[in-house]
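Note: the block below is query17.cif and it holds mmCIF, C-alpha atoms and all ligand atoms.
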```
data_data
loop_
_atom_site.label_atom_id
_atom_site.label_comp_id
_atom_site.auth_asym_id
_atom_site.auth_seq_id
_atom_site.Cartn_x
_atom_site.Cartn_y
_atom_site.Cartn_z
CA MET A 1463 69.72 113.15 75.22
CA PHE A 1464 69.29 111.37 78.53
CA PHE A 1465 72.81 112.00 79.83
CA SER A 1466 73.66 115.31 78.11
CA GLU A 1467 75.09 118.45 79.79
CA LYS A 1468 76.14 116.61 82.89
CA TYR A 1469 79.44 116.72 84.73
CA TYR A 1470 81.54 114.19 86.63
CA TYR A 1471 84.27 114.54 89.22
CA ILE A 1472 86.57 111.67 90.20
CA GLN A 1473 88.89 111.76 93.16
CA THR A 1474 91.59 109.11 92.98
CA PHE A 1475 93.38 107.61 95.97
CA GLY A 1476 96.30 105.17 95.90
CA CYS A 1477 98.51 103.68 93.25
CA GLN A 1478 98.93 103.75 89.48
CA MET A 1479 96.48 100.85 89.11
CA ASN A 1480 93.84 103.18 90.51
CA GLU A 1481 95.00 106.06 88.30
CA ARG A 1482 94.55 103.77 85.31
CA ASP A 1483 91.09 102.69 86.53
CA THR A 1484 90.17 106.37 86.82
CA GLU A 1485 91.10 106.87 83.16
CA VAL A 1486 88.68 104.06 82.25
CA LEU A 1487 85.93 105.46 84.52
CA SER A 1488 86.40 108.86 82.84
CA GLY A 1489 86.25 107.22 79.40
CA ILE A 1490 82.97 105.49 80.24
CA LEU A 1491 81.44 108.65 81.68
CA LYS A 1492 82.50 110.68 78.64
CA GLN A 1493 80.93 108.07 76.38
CA MET A 1494 77.73 108.50 78.38
CA GLY A 1495 77.80 112.21 77.63
CA TYR A 1496 79.27 113.50 80.89
CA GLN A 1497 81.99 116.17 80.91
CA LYS A 1498 84.77 116.56 83.43
CA ALA A 1499 83.80 119.09 86.12
CA ASP A 1500 86.28 121.77 87.21
CA THR A 1501 85.25 121.49 90.83
CA ILE A 1502 83.50 118.91 92.94
CA GLU A 1503 80.64 121.38 93.60
CA ASN A 1504 79.75 121.49 89.88
CA ALA A 1505 79.49 117.72 89.44
CA ASP A 1506 76.37 115.64 88.85
CA ILE A 1507 78.31 112.50 89.63
CA ILE A 1508 81.10 112.31 92.20
CA LEU A 1509 83.19 109.14 92.36
CA PHE A 1510 85.81 108.32 94.97
CA ASN A 1511 88.16 105.73 93.48
CA THR A 1512 89.62 104.32 96.65
CA CYS A 1513 92.63 102.44 97.97
CA CYS A 1514 92.63 100.16 101.01
CA VAL A 1515 96.33 99.50 101.43
CA ARG A 1516 96.44 101.78 104.47
CA GLU A 1517 93.73 101.93 107.05
CA LYS A 1518 94.36 105.65 107.53
CA ALA A 1519 93.49 106.29 103.86
CA GLU A 1520 90.19 104.49 104.38
CA ASN A 1521 89.32 106.65 107.34
CA LYS A 1522 90.13 109.71 105.24
CA VAL A 1523 87.72 108.52 102.53
CA LEU A 1524 84.95 107.97 105.09
CA SER A 1525 85.45 111.42 106.55
CA GLN A 1526 85.54 113.09 103.11
CA LEU A 1527 82.35 111.26 102.14
CA GLY A 1528 80.71 112.69 105.25
CA GLU A 1529 81.61 116.18 104.05
CA LEU A 1530 79.64 115.59 100.81
CA LYS A 1531 76.36 115.39 102.71
CA ASP A 1532 75.73 119.12 102.27
CA LEU A 1533 76.21 118.93 98.51
CA LYS A 1534 73.69 116.10 98.35
CA SER A 1535 71.11 118.05 100.39
CA LYS A 1536 71.50 121.04 98.06
CA ASN A 1537 71.22 118.84 94.96
CA PRO A 1538 69.13 115.67 95.51
CA HIS A 1539 69.91 114.53 91.93
CA LEU A 1540 73.62 114.34 92.70
CA ILE A 1541 75.01 110.79 92.50
CA ILE A 1542 77.80 110.05 94.94
CA GLY A 1543 79.68 106.81 94.39
CA VAL A 1544 82.60 104.90 95.84
CA CYS A 1545 84.61 102.37 93.87
CA GLY A 1546 88.07 100.77 93.95
CA CYS A 1547 89.80 98.40 96.36
CA MET A 1548 88.18 99.67 99.54
CA VAL A 1549 84.73 98.59 98.36
CA GLN A 1550 85.99 95.05 97.61
CA GLN A 1551 86.43 94.28 101.29
CA GLU A 1552 83.82 92.14 102.95
CA GLY A 1553 81.24 94.26 104.76
CA MET A 1554 82.70 97.56 103.53
CA PRO A 1555 79.80 98.56 101.20
CA GLU A 1556 77.43 98.21 104.15
CA THR A 1557 79.80 100.16 106.42
CA ILE A 1558 79.97 102.99 103.89
CA ARG A 1559 76.19 103.07 103.45
CA ARG A 1560 75.73 103.17 107.23
CA SER A 1561 78.20 106.00 107.80
CA ALA A 1562 77.27 107.93 104.63
CA PRO A 1563 73.71 107.07 103.49
CA HIS A 1564 73.96 109.76 100.78
CA VAL A 1565 76.33 107.40 98.91
CA GLU A 1566 74.09 105.61 96.43
CA LEU A 1567 76.62 103.87 94.19
CA LEU A 1568 79.20 101.30 95.26
CA PHE A 1569 81.13 99.05 92.89
CA GLY A 1570 84.34 97.06 92.93
CA THR A 1571 87.39 97.05 90.70
CA HIS A 1572 85.94 94.15 88.67
CA ASN A 1573 82.64 95.92 88.02
CA ILE A 1574 83.79 99.09 86.31
CA HIS A 1575 82.19 98.03 83.01
CA GLU A 1576 78.78 98.00 84.73
CA LEU A 1577 78.94 101.71 85.47
CA PRO A 1578 76.44 102.82 82.77
CA ASP A 1579 73.80 100.35 83.99
CA LEU A 1580 74.36 101.22 87.63
CA ILE A 1581 73.98 104.93 86.94
CA GLU A 1582 70.90 104.39 84.83
CA ASN A 1583 69.28 102.31 87.57
CA ILE A 1584 69.83 105.12 90.05
CA LEU A 1585 68.51 107.77 87.67
CA VAL A 1586 65.40 105.77 86.82
CA ALA A 1587 64.42 104.32 90.20
CA ARG A 1588 66.69 106.17 92.64
CA ASN A 1589 67.62 102.80 94.15
CA PRO A 1590 71.09 102.59 95.68
CA GLN A 1591 73.30 100.30 93.59
CA ILE A 1592 75.91 97.98 95.07
CA SER A 1593 77.88 95.77 92.71
CA VAL A 1594 80.89 93.98 94.08
CA TRP A 1595 81.96 90.64 92.69
CA GLY A 1596 83.92 88.24 94.82
CA SER A 1597 87.62 88.79 94.44
CA GLU A 1598 88.09 87.97 90.77
CA GLY A 1599 86.52 88.72 87.46
CA GLU A 1600 87.22 88.14 83.81
CA ILE A 1601 89.37 90.79 82.14
CA ARG A 1602 87.30 93.25 80.11
CA GLU A 1603 89.01 94.47 76.97
CA ASN A 1604 88.26 97.56 74.92
CA LEU A 1605 86.69 99.70 77.60
CA PRO A 1606 86.78 103.39 76.69
CA SER A 1607 89.48 105.49 78.29
CA GLU A 1608 90.21 109.15 78.86
CA ARG A 1609 94.00 109.23 79.03
CA GLU A 1610 95.63 111.78 81.30
CA TYR A 1611 98.67 112.42 79.08
CA PRO A 1612 98.89 112.39 75.28
CA PHE A 1613 102.55 111.27 75.23
CA LYS A 1614 102.74 108.62 77.95
CA ALA A 1615 100.31 105.96 79.05
CA LEU A 1616 99.63 103.37 81.72
CA VAL A 1617 98.88 99.91 80.31
CA ASN A 1618 97.61 97.09 82.51
CA ILE A 1619 99.24 93.73 81.89
CA THR A 1620 98.20 91.82 85.02
CA TYR A 1621 95.53 92.17 87.66
CA GLY A 1622 95.59 90.76 91.19
CA CYS A 1623 98.38 89.15 93.13
CA ASN A 1624 99.24 85.65 94.38
CA ASN A 1625 102.00 86.59 96.76
CA PHE A 1626 100.23 87.16 100.06
CA CYS A 1627 102.90 89.26 101.73
CA THR A 1628 101.71 89.17 105.32
CA TYR A 1629 101.29 92.96 105.63
CA CYS A 1630 99.34 93.44 102.40
CA ILE A 1631 95.60 93.49 101.74
CA VAL A 1632 95.88 93.55 97.93
CA PRO A 1633 95.48 89.80 97.21
CA TYR A 1634 92.29 89.78 99.31
CA VAL A 1635 90.70 92.67 97.43
CA ARG A 1636 92.18 92.49 93.93
CA GLY A 1637 92.03 88.69 93.71
CA ARG A 1638 94.34 86.15 92.09
CA GLU A 1639 96.76 87.02 89.30
CA ARG A 1640 95.26 87.29 85.85
CA SER A 1641 97.29 88.29 82.79
CA ARG A 1642 96.06 90.07 79.72
CA TYR A 1643 96.78 88.21 76.50
CA PRO A 1644 99.88 89.58 74.76
CA GLN A 1645 97.95 90.37 71.57
CA HIS A 1646 95.62 92.64 73.56
CA VAL A 1647 98.52 94.43 75.25
CA ILE A 1648 100.41 94.86 71.96
CA SER A 1649 97.35 96.05 70.10
CA GLU A 1650 96.57 98.63 72.81
CA ILE A 1651 100.14 99.95 72.74
CA LYS A 1652 100.16 100.15 68.94
CA ASP A 1653 96.98 102.22 69.09
CA LEU A 1654 98.50 104.46 71.75
CA VAL A 1655 101.63 105.00 69.67
CA ALA A 1656 99.48 105.83 66.66
CA ASP A 1657 97.87 108.51 68.88
CA GLY A 1658 101.26 110.01 69.81
CA VAL A 1659 102.28 108.08 72.92
CA ILE A 1660 106.05 107.52 73.17
CA GLU A 1661 106.33 106.01 76.68
CA VAL A 1662 104.32 103.23 78.24
CA MET A 1663 104.27 101.97 81.81
CA LEU A 1664 103.28 98.30 81.96
CA LEU A 1665 101.27 97.85 85.13
CA GLY A 1666 100.61 94.98 87.49
CA GLN A 1667 100.92 94.16 91.17
CA ASN A 1668 103.73 91.82 90.17
CA VAL A 1669 104.59 92.22 86.49
CA ASN A 1670 107.31 89.58 86.68
CA SER A 1671 104.78 86.82 87.13
CA TYR A 1672 103.05 87.85 83.89
CA GLY A 1673 101.75 84.87 81.93
CA LYS A 1674 102.01 82.28 84.70
CA ASP A 1675 98.22 81.90 84.66
CA PHE A 1676 97.93 81.23 80.91
CA LYS A 1677 96.76 77.68 80.25
CA ASP A 1678 96.84 77.82 76.45
CA ILE A 1679 100.02 79.74 75.64
CA SER A 1680 103.51 79.99 77.07
CA VAL A 1681 104.57 83.62 77.41
CA ASP A 1682 106.41 85.31 80.25
CA PHE A 1683 107.17 88.94 81.08
CA ALA A 1684 110.51 88.86 79.24
CA ASP A 1685 108.74 87.61 76.08
CA LEU A 1686 106.18 90.38 76.39
CA LEU A 1687 108.89 93.03 76.80
CA ARG A 1688 110.62 91.77 73.65
CA GLU A 1689 107.41 92.13 71.67
CA VAL A 1690 106.63 95.60 73.04
CA ASN A 1691 110.22 96.63 72.28
CA LYS A 1692 109.57 95.93 68.59
CA ILE A 1693 106.77 98.50 68.29
CA ASP A 1694 107.83 101.26 65.90
CA GLY A 1695 107.51 104.77 67.25
CA LEU A 1696 107.58 103.73 70.90
CA LYS A 1697 110.59 105.24 72.69
CA ARG A 1698 110.45 104.12 76.31
CA ILE A 1699 109.06 101.13 78.18
CA ARG A 1700 108.67 101.15 81.96
CA TYR A 1701 107.03 98.60 84.24
CA MET A 1702 105.68 98.62 87.79
CA THR A 1703 105.86 96.68 90.14
CA SER A 1704 108.64 94.11 90.01
CA HIS A 1705 108.95 91.43 92.66
CA PRO A 1706 112.56 90.42 93.45
CA ARG A 1707 111.51 86.78 93.79
CA ASP A 1708 110.38 86.49 90.19
CA PHE A 1709 113.18 88.49 88.56
CA THR A 1710 114.77 85.77 86.39
CA ASP A 1711 118.13 85.77 84.58
CA LYS A 1712 116.18 85.73 81.34
CA LEU A 1713 114.45 88.94 82.39
CA VAL A 1714 117.71 90.68 83.33
CA LYS A 1715 119.20 89.78 79.92
CA THR A 1716 116.05 90.76 78.03
CA ILE A 1717 115.92 94.18 79.70
CA THR A 1718 119.61 94.64 78.91
CA HIS A 1719 119.12 93.88 75.24
CA CYS A 1720 115.83 95.71 74.65
CA GLU A 1721 116.97 99.26 73.96
CA LYS A 1722 113.56 100.81 74.70
CA VAL A 1723 113.19 99.23 78.13
CA CYS A 1724 114.37 101.80 80.68
CA LYS A 1725 117.28 100.68 82.83
CA HIS A 1726 115.45 101.72 85.97
CA PHE A 1727 115.02 98.81 88.35
CA HIS A 1728 112.50 99.48 91.11
CA LEU A 1729 112.77 96.38 93.29
CA PRO A 1730 110.97 96.63 96.64
CA VAL A 1731 113.26 94.93 99.19
CA GLN A 1732 111.12 95.89 102.23
CA ALA A 1733 113.70 94.74 104.82
CA GLY A 1734 117.33 93.71 105.12
CA SER A 1735 116.92 90.99 107.73
CA ASN A 1736 116.15 87.43 106.70
CA LYS A 1737 114.03 86.92 109.81
CA ILE A 1738 111.79 89.86 108.87
CA LEU A 1739 111.70 88.94 105.17
CA GLU A 1740 110.44 85.51 106.16
CA LYS A 1741 107.81 86.95 108.48
CA MET A 1742 106.72 89.18 105.60
CA ASN A 1743 106.51 86.10 103.33
CA ARG A 1744 108.57 87.87 100.67
CA GLY A 1745 110.08 84.67 99.24
CA TYR A 1746 113.71 85.84 98.98
CA THR A 1747 116.64 86.42 101.30
CA ARG A 1748 118.97 89.39 101.67
CA GLU A 1749 121.67 87.25 100.02
CA SER A 1750 119.55 86.43 96.97
CA TYR A 1751 118.50 90.08 96.71
CA LEU A 1752 122.15 91.21 96.80
CA GLU A 1753 122.98 88.62 94.12
CA LEU A 1754 120.14 89.88 91.95
CA ILE A 1755 121.33 93.48 92.19
CA ALA A 1756 124.92 92.38 91.42
CA LYS A 1757 123.67 90.58 88.31
CA ILE A 1758 121.62 93.59 87.19
CA ARG A 1759 124.68 95.83 87.59
CA GLU A 1760 126.92 93.36 85.81
CA TYR A 1761 124.68 93.55 82.74
CA ASN A 1762 123.64 97.19 83.16
CA PRO A 1763 126.48 99.17 84.78
CA LYS A 1764 124.42 102.38 84.57
CA ALA A 1765 121.29 100.88 86.13
CA VAL A 1766 119.30 103.17 88.41
CA ILE A 1767 118.12 101.10 91.36
CA THR A 1768 115.34 102.15 93.70
CA THR A 1769 113.32 100.33 96.32
CA ASP A 1770 110.57 100.35 98.95
CA ILE A 1771 111.35 99.71 102.62
CA ILE A 1772 109.02 99.13 105.56
CA VAL A 1773 110.33 100.09 108.99
CA GLY A 1774 109.06 98.64 112.26
CA PHE A 1775 107.48 95.42 111.00
CA PRO A 1776 106.31 93.31 113.97
CA GLY A 1777 109.28 91.68 115.67
CA GLU A 1778 111.86 94.01 114.07
CA THR A 1779 114.69 94.40 116.58
CA GLU A 1780 117.47 96.98 116.48
CA GLU A 1781 119.69 94.24 115.05
CA ASP A 1782 117.19 93.55 112.24
CA PHE A 1783 116.97 97.25 111.50
CA LEU A 1784 120.77 97.56 111.39
CA GLN A 1785 120.72 94.84 108.74
CA THR A 1786 118.36 96.99 106.69
CA LEU A 1787 120.71 99.96 107.05
CA ASP A 1788 123.61 97.73 106.08
CA LEU A 1789 121.79 96.50 102.98
CA VAL A 1790 120.98 100.07 101.96
CA GLU A 1791 124.66 100.97 102.34
CA LYS A 1792 125.87 97.90 100.44
CA ILE A 1793 123.53 98.45 97.50
CA GLY A 1794 123.62 102.21 97.35
CA PHE A 1795 120.06 102.79 96.16
CA ASP A 1796 119.41 105.83 94.01
CA GLY A 1797 116.28 106.39 96.06
CA ALA A 1798 113.68 104.65 98.19
CA PHE A 1799 110.10 105.01 99.29
CA THR A 1800 110.15 104.36 103.02
CA PHE A 1801 107.14 103.56 105.16
CA ILE A 1802 106.42 103.09 108.82
CA TYR A 1803 104.63 99.76 109.24
CA SER A 1804 101.01 100.25 110.22
CA THR A 1805 98.61 97.43 110.93
CA ARG A 1806 96.12 96.64 108.22
CA THR A 1807 93.02 94.82 109.45
CA GLY A 1808 92.46 91.65 107.46
CA THR A 1809 96.15 90.83 106.98
CA PRO A 1810 98.08 88.15 108.93
CA ALA A 1811 100.64 90.69 110.21
CA ALA A 1812 97.92 92.69 111.98
CA LYS A 1813 97.63 89.76 114.41
CA PHE A 1814 101.38 89.34 114.94
CA LYS A 1815 102.60 89.89 118.46
CA GLU A 1816 105.66 92.07 119.11
CA GLN A 1817 104.29 95.20 117.42
CA VAL A 1818 107.03 97.83 117.47
CA PRO A 1819 106.22 101.01 119.44
CA LEU A 1820 105.57 104.09 117.28
CA GLU A 1821 108.40 106.10 118.87
CA ILE A 1822 110.93 103.45 117.84
CA LYS A 1823 109.49 103.27 114.31
CA LYS A 1824 109.76 107.05 113.96
CA GLU A 1825 113.34 107.07 115.16
CA ARG A 1826 114.29 104.24 112.78
CA ILE A 1827 112.68 105.78 109.73
CA GLN A 1828 114.53 109.01 110.42
CA ARG A 1829 117.86 107.17 110.52
CA LEU A 1830 116.96 105.26 107.39
CA ASN A 1831 115.91 108.36 105.48
CA GLU A 1832 119.10 110.17 106.45
CA LYS A 1833 121.16 107.34 105.03
CA ILE A 1834 119.08 107.04 101.85
CA ASN A 1835 119.20 110.80 101.25
CA LYS A 1836 122.96 110.91 101.76
CA ILE A 1837 123.56 108.07 99.30
CA GLY A 1838 121.06 109.47 96.79
CA ARG A 1839 122.75 112.86 96.94
CA GLU A 1840 126.19 111.31 96.36
CA ILE A 1841 124.91 109.39 93.35
CA ASN A 1842 123.21 112.48 91.93
CA GLU A 1843 126.42 114.54 92.32
CA LYS A 1844 127.95 112.32 89.65
CA TYR A 1845 125.50 113.74 87.10
CA LEU A 1846 127.10 117.20 87.33
CA ASN A 1847 127.94 118.53 83.83
CA LYS A 1848 126.65 115.31 82.26
CA SER A 1849 124.02 115.31 79.54
CA VAL A 1850 120.88 113.23 80.12
CA GLU A 1851 117.89 112.45 77.90
CA VAL A 1852 114.70 113.79 79.44
CA LEU A 1853 111.09 113.15 78.47
CA VAL A 1854 109.49 116.53 79.19
CA GLU A 1855 106.27 116.01 81.16
CA GLY A 1856 105.12 119.57 81.82
CA ILE A 1857 105.65 122.62 83.99
CA SER A 1858 107.41 121.84 87.28
CA LYS A 1859 105.03 121.55 90.23
CA THR A 1860 107.55 123.27 92.50
CA ASN A 1861 108.71 126.04 90.14
CA ASP A 1862 106.36 127.31 87.44
CA GLN A 1863 109.25 128.93 85.59
CA MET A 1864 110.76 125.53 84.87
CA LEU A 1865 109.88 122.43 82.88
CA SER A 1866 109.99 119.05 84.52
CA GLY A 1867 110.74 115.67 83.02
CA LYS A 1868 112.18 112.24 83.67
CA THR A 1869 115.41 110.55 82.69
CA GLU A 1870 115.45 106.95 81.57
CA GLY A 1871 116.38 106.13 85.18
CA ASN A 1872 113.23 107.95 86.36
CA LYS A 1873 115.14 110.85 87.93
CA THR A 1874 113.27 114.14 87.92
CA VAL A 1875 115.04 116.90 85.99
CA ILE A 1876 113.92 120.53 86.00
CA PHE A 1877 115.20 123.13 83.57
CA PRO A 1878 114.05 126.33 81.84
CA GLY A 1879 112.45 125.86 78.43
CA SER A 1880 109.43 126.36 76.23
CA THR A 1881 106.24 124.41 76.88
CA SER A 1882 106.38 123.40 73.21
CA LEU A 1883 108.89 120.77 74.41
CA VAL A 1884 106.28 118.96 76.51
CA GLY A 1885 105.98 115.38 75.29
CA LYS A 1886 109.38 115.42 73.60
CA ILE A 1887 112.69 113.84 74.58
CA VAL A 1888 115.44 116.47 74.89
CA ASN A 1889 119.04 116.54 76.09
CA VAL A 1890 119.65 118.43 79.32
CA VAL A 1891 123.03 119.19 80.89
CA ILE A 1892 122.91 118.88 84.67
CA THR A 1893 124.17 121.99 86.39
CA GLU A 1894 122.90 121.52 89.95
CA PRO A 1895 122.34 118.01 91.25
CA GLN A 1896 120.27 117.83 94.43
CA THR A 1897 119.03 115.00 96.63
CA TRP A 1898 115.67 114.55 94.94
CA ILE A 1899 116.00 116.38 91.66
CA LEU A 1900 118.55 117.33 89.06
CA LYS A 1901 118.53 120.93 87.85
CA GLY A 1902 119.92 121.63 84.42
CA LYS A 1903 119.77 123.52 81.14
CA LEU A 1904 118.94 122.46 77.63
CA GLN A 1905 121.97 121.18 75.80
CA GLU A 1906 122.99 123.49 72.96
CA ILE A 1907 123.18 121.73 69.67
S1 LIG B 2001 103.57 91.36 95.96
FE1 LIG B 2001 103.11 91.45 98.17
S2 LIG B 2001 103.05 93.67 98.56
FE2 LIG B 2001 102.86 93.45 96.34
S3 LIG B 2001 100.65 93.41 95.96
FE3 LIG B 2001 101.31 91.28 96.17
S4 LIG B 2001 100.96 90.78 98.31
FE4 LIG B 2001 100.93 93.03 98.15
#
```

Once you've parsed the file, please lay out its structure as structure tokens.
Ligand code: SF4
Amino acid sequence: MFFSEKYYYIQTFGCQMNERDTEVLSGILKQMGYQKADTIENADIILFNTCCVREKAENKVLSQLGELKDLKSKNPHLIIGVCGCMVQQEGMPETIRRSAPHVELLFGTHNIHELPDLIENILVARNPQISVWGSEGEIRENLPSEREYPFKALVNITYGCNNFCTYCIVPYVRGRERSRYPQHVISEIKDLVADGVIEVMLLGQNVNSYGKDFKDISVDFADLLREVNKIDGLKRIRYMTSHPRDFTDKLVKTITHCEKVCKHFHLPVQAGSNKILEKMNRGYTRESYLELIAKIREYNPKAVITTDIIVGFPGETEEDFLQTLDLVEKIGFDGAFTFIYSTRTGTPAAKFKEQVPLEIKKERIQRLNEKINKIGREINEKYLNKSVEVLVEGISKTNDQMLSGKTEGNKTVIFPGSTSLVGKIVNVVITEPQTWILKGKLQEI
């Protein structure tokens, strides 16, 4: 067979959207007869599935591509390709080809389904293949997929983003929002559950705006959650990412009443100052964000609330930063991903004056992290001697004598136990709460 006994290696950069795309790329390559290679050196096809959210990550990709030159000289039949968001930027395919001429395959996030043809064209004629649509494409259903976990799965529900936060490149490279029809989402999840999946993560750049683009039906994210919640055999429903602006009362109530939807609310606030939120074009104020959190807690007293925060956005003064610290204190987040603002070419914020010096950004993020860690630790202390339900995901990455899993609130729990528990939901009593993890032991029945 044309494609038999060949191996592929995919290196994934960036977010869960990219992880999901990698599963589809793997599925396509498997269908073509390729097997997953153990190491990059053994591969016949190497793909870098890239992210362009941070300019530093792009530079890393370019430098790693340079390092593949030797492999290509040793094996001229090797196909090296780059796909994902980075390639979707204007002029980037040409830049990559110039800096790494051994890269013969470049395709965007909307062109994944073309992979078999692109590879075949290279194999037959050895012509470099570049396939990048504009910024949008129709949604392709039923592409093959090689899922990473048998018990949990990522499921796309929307692609693209209409929000144009001033620091973010995503709308320019992933295009406008497009939702998958509910019947396609439901059917995919039913198939996954039939294959043993018990937890799904519904994915989109802004899941809360799901359905706004439908012209022929009226369905929103809350409606979709209600339908997914009805699927027999499914135990947990997560979603990522939620935008505070689009988090409606209907959605809060639906999440409250759908017993399978995890009561983990990850709501990126980004800043606590209205001036900065406006400059970021986030579409909400600190007051409306505080109201939203109060409402979530009113309906879900045990809600776990986490966030993302950017420090040192252009024009951020000490006073603005203190407002962020104050918001963090007022809300008492369970945890937060914090980032130092870095300019991203192609975004409006990259041209903003009043860029904050790096030293100040570093000092602020340290103060912020100290506060977040202190609050997170205090919240976690309350879990001492409590029993939590944990979906066991595998052996702990930090301690190979322990299993690791997640609570409904997405807290990491590690505890001793048999690997036969992987993929199951078990009760664990917390014996040692820490800042980032909860240590425990299996609850005796
Ligand atoms: S909501 Fe804002 S930060 Fe998130 S992907 Fe869209 S533009 Fe980027």

Margin query: Neighbouring residues of Gly1489 of chain A were defined as those with any atom within 6 Å, considering all atoms listed in the file; residues of the same chain fewer than 4 positions away were excluded. Please report them as a ChimeraX atom specification.
Written below: /A:1606-1608

Item checked: Distance query segment 1886-1900 of chain A at most 6 Å, all atoms listed in the file, self and fewer than 6 positions along chain excluded, as a list in words ->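 The residues that qualify are Gly1838, Arg1839, Asn1842, Glu1843, Leu1846, Asn1847, Lys1848, Ser1849, Val1850, Glu1851, Val1852, Leu1853, Val1854, Thr1874 and Val1875 of chain A.
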
Next item on the list: May I ask which of the residues A:Thr1809, A:Gln1473, A:Asn1480, A:Thr1557 is the closest one to ligand LIG 2001 (chain B), counting all atoms listed in the file?
Entry: A:Thr1809

Item checked: Residue nearest ligand LIG 2001 (chain B) among A:Lys1868, A:His1646, A:Arg1516, A:Lys1498 (counting all atoms listed in the file) ->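 Among the listed residues, A:Arg1516 lies closest to ligand LIG 2001 (chain B).
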
Note to self: Any residue with an atom at most 12 Å from ligand LIG 2001 (chain B) counts, using all atoms listed in the file. Which are they? Put them as an MDAnalysis selection string.
What the structure shows: chainID A and resid 1477 1479 1514:1516 1547 1620:1639 1665:1671 1702:1708 1729:1732 1739 1742:1746 1770:1772 1806 1809:1811

Can you patch up segment 1577-1590 of chain A, filling it in to N, CA and C atoms, and show the result as a compact mmCIF listing (two decimals), in the coordinates of the input?
```txt
# COMPACT_ATOMS: atom_id res chain seq x y z
N LEU A 1577 79.27 100.35 85.04
CA LEU A 1577 78.94 101.71 85.47
C LEU A 1577 77.72 102.32 84.76
N PRO A 1578 77.62 102.20 83.41
CA PRO A 1578 76.44 102.82 82.77
C PRO A 1578 75.12 102.26 83.30
N ASP A 1579 75.05 100.94 83.48
CA ASP A 1579 73.80 100.35 83.99
C ASP A 1579 73.52 100.79 85.42
N LEU A 1580 74.55 100.84 86.22
CA LEU A 1580 74.36 101.22 87.63
C LEU A 1580 73.83 102.64 87.72
N ILE A 1581 74.42 103.53 86.91
CA ILE A 1581 73.98 104.93 86.94
C ILE A 1581 72.53 105.04 86.44
N GLU A 1582 72.26 104.30 85.38
CA GLU A 1582 70.90 104.39 84.83
C GLU A 1582 69.86 103.91 85.84
N ASN A 1583 70.21 102.82 86.56
CA ASN A 1583 69.28 102.31 87.57
C ASN A 1583 69.00 103.35 88.65
N ILE A 1584 70.03 104.09 89.02
CA ILE A 1584 69.83 105.12 90.05
C ILE A 1584 68.95 106.24 89.49
N LEU A 1585 69.26 106.66 88.25
CA LEU A 1585 68.51 107.77 87.67
C LEU A 1585 67.04 107.42 87.48
N VAL A 1586 66.78 106.16 87.11
CA VAL A 1586 65.40 105.77 86.82
C VAL A 1586 64.62 105.53 88.12
N ALA A 1587 65.21 104.75 89.04
CA ALA A 1587 64.42 104.32 90.20
C ALA A 1587 64.92 104.92 91.51
N ARG A 1588 66.06 105.61 91.46
CA ARG A 1588 66.69 106.17 92.64
C ARG A 1588 66.96 105.11 93.70
N ASN A 1589 67.26 103.87 93.22
CA ASN A 1589 67.62 102.80 94.15
C ASN A 1589 69.12 102.76 94.30
N PRO A 1590 69.64 102.73 95.52
CA PRO A 1590 71.09 102.59 95.68
C PRO A 1590 71.59 101.33 94.98
```
